[in-house]
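Heads up, the thing below is written out as structure tokens.
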Amino acid sequence: MTAWVALLVGSYLVGAIPWSWLLVRWKTGQDVRRVGSGNVGATNAMRAAGKVVGVIALLLDVGKGVAPVLVARALGAPPLVESCAATLAVLGHMYPVWLGFHGGGKGVATAAGALGALAPIPALLAAVVFIVVTALFRYVSLGSIAALVAFPLLVFLLSRRGDAPRDTAFLVSSALVPALSVWKHRGNIRRLLAGTERRLGAPRKSKTQEVKT
């Protein structure tokens, strides 16, 4: 029991590592929270310090979602602990203790890593949804939201065929994690409804139109 508690605490702490903040600080000396959207996420890191830093931050954010699940699995943790580890890693990214629980990202990359480790097939299909929606409408936020909504639906459908886990803990986390990330996108949703969200590749008009990711 003590080992599982330590694993869950560690999952949150790993998820809370603000890679974008650290990389931008190292590369430019700036606080990424004072640049662009003000968000500690890979997209804002790219704005602040360039594509290479943004890609590295993205990969590290995915990795901190994958790692707790793989460690839990390697230790033989029960499904409940494994699913909780994934959820806590994403919560750590959204509300990082290292930054006073403020300024965390929206959790898409970390959720992709965590949920992908738990259920690769639904995660891959959700990634296809992201690519298609983003390509059609040129809104990264809309693609992210569509993929997040699609994931639990895909899990439900595929679990009935045996292509996704069926235990209750996983089914709950597969819905809870995307729901938390969609909630963090509420500003983007308001801008999408108002028609003021910036499209992929469009020139930046003002700071208030920055997409927080």
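Labels used: A, B, ... for chains in the order of the structure tokens, numbers from 1 for residues in each chain, and numbers from 1 for ligands as shown.
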
inquiry  = I want to know what sits within 12 Å of A:Leu7, based on only C-alpha atoms, with residues of the same chain fewer than 4 positions away left out; could you give that as a list of chain:residue names?
reply    =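 Here the answer would be A:Met1, A:Thr2, A:Ala3, A:Ser11, A:Tyr12, A:Leu13, A:Val14, A:Ala67, A:Pro68, A:Val69, A:Leu70, A:Val71, A:Ala72, A:Arg73, A:Ala74, A:Leu75, A:Gly76, A:Ala77, A:Pro78, A:Val81, A:Glu82, A:Ser83, A:Cys84, A:Ala85, A:Ala86, A:Leu88, A:Ala89.
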
Given the selection you just returned, output its residues as a file containing C-alpha atoms, formatted as an mmCIF file, in the first residue's frame.
```
data_model
loop_
_atom_site.group_PDB
_atom_site.id
_atom_site.type_symbol
_atom_site.label_atom_id
_atom_site.label_comp_id
_atom_site.auth_asym_id
_atom_site.auth_seq_id
_atom_site.Cartn_x
_atom_site.Cartn_y
_atom_site.Cartn_z
ATOM 1 C CA MET A 1 0.000 0.000 0.000
ATOM 2 C CA THR A 2 2.807 2.418 0.928
ATOM 3 C CA ALA A 3 4.523 1.666 -2.386
ATOM 4 C CA SER A 11 3.320 10.443 -10.718
ATOM 5 C CA TYR A 12 1.952 13.849 -9.786
ATOM 6 C CA LEU A 13 5.420 15.279 -9.123
ATOM 7 C CA VAL A 14 6.769 14.006 -12.437
ATOM 8 C CA ALA A 67 6.563 7.193 -17.567
ATOM 9 C CA PRO A 68 4.217 6.823 -14.538
ATOM 10 C CA VAL A 69 2.076 4.280 -16.390
ATOM 11 C CA LEU A 70 5.080 2.203 -17.447
ATOM 12 C CA VAL A 71 6.562 2.319 -13.954
ATOM 13 C CA ALA A 72 3.231 1.267 -12.432
ATOM 14 C CA ARG A 73 3.000 -1.584 -14.909
ATOM 15 C CA ALA A 74 6.584 -2.688 -14.272
ATOM 16 C CA LEU A 75 5.892 -2.780 -10.535
ATOM 17 C CA GLY A 76 2.795 -4.893 -11.060
ATOM 18 C CA ALA A 77 0.394 -2.217 -9.820
ATOM 19 C CA PRO A 78 -3.315 -3.047 -9.963
ATOM 20 C CA VAL A 81 -3.271 2.414 -9.303
ATOM 21 C CA GLU A 82 -2.149 2.429 -12.942
ATOM 22 C CA SER A 83 -5.124 4.549 -13.994
ATOM 23 C CA CYS A 84 -4.711 6.910 -11.042
ATOM 24 C CA ALA A 85 -1.023 7.340 -11.905
ATOM 25 C CA ALA A 86 -1.988 8.436 -15.421
ATOM 26 C CA LEU A 88 -2.261 12.383 -11.522
ATOM 27 C CA ALA A 89 0.478 12.915 -14.106
#
```

Cut-off 10 Å: closest stretch 66-118 of chain A/stretch 42-47 of chain A atom pairs per residue, using only C-alpha atoms, as a tab-separated table:
```
residue	atom	partner	partner_atom	distance
A:Gly105	CA	A:Ala42	CA	8.3
A:Val108	CA	A:Ala42	CA	10.0
A:Ala109	CA	A:Ala42	CA	8.5
```

Requested write-out: N, CA and C atoms of the selected residues, as a PDB file, in the first residue's frame:
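Below is the file that was written, again31.pdb:
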```pdb
ATOM      1  N   GLY A 105      -0.056  23.843 -18.190  1.00  0.00           N
ATOM      2  CA  GLY A 105      -0.604  23.704 -19.534  1.00  0.00           C
ATOM      3  C   GLY A 105      -1.970  23.039 -19.519  1.00  0.00           C
ATOM      4  N   VAL A 108      -2.758  18.338 -22.994  1.00  0.00           N
ATOM      5  CA  VAL A 108      -3.010  17.496 -24.164  1.00  0.00           C
ATOM      6  C   VAL A 108      -1.859  16.531 -24.407  1.00  0.00           C
ATOM      7  N   ALA A 109      -0.632  17.032 -24.414  1.00  0.00           N
ATOM      8  CA  ALA A 109       0.514  16.161 -24.681  1.00  0.00           C
ATOM      9  C   ALA A 109       0.700  15.125 -23.580  1.00  0.00           C
TER      10      ALA A 109
END
```

Non-local contacts of A:Pro122 (9 Å; only C-alpha atoms; under 4 positions in same chain excluded) as a list of chain:residue names = A:Leu115, A:Gly116, A:Ala126, A:Ala127, A:Ala150, A:Phe151, A:Pro152, A:Leu153, A:Leu154, A:Val155, A:Leu158, A:Asp163, A:Ala164

inquiry  = Can you pull out every residue from stretch 93-176 of chain A that DSSP, working from the backbone, puts in helix (DSSP H, G or I), and format the result as number ranges by chain?
reply    = A: 93-94, 97-99, 108-118, 120-137, 140-159, 168-176

message = Just to confirm, what's the straight-line distance from atom CA of A:Arg199 to atom CA of A:Ser144 in Å (one decimal)?
response =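 Spanning atom CA of A:Arg199 to atom CA of A:Ser144 is a straight-line distance of 13.2 Å.
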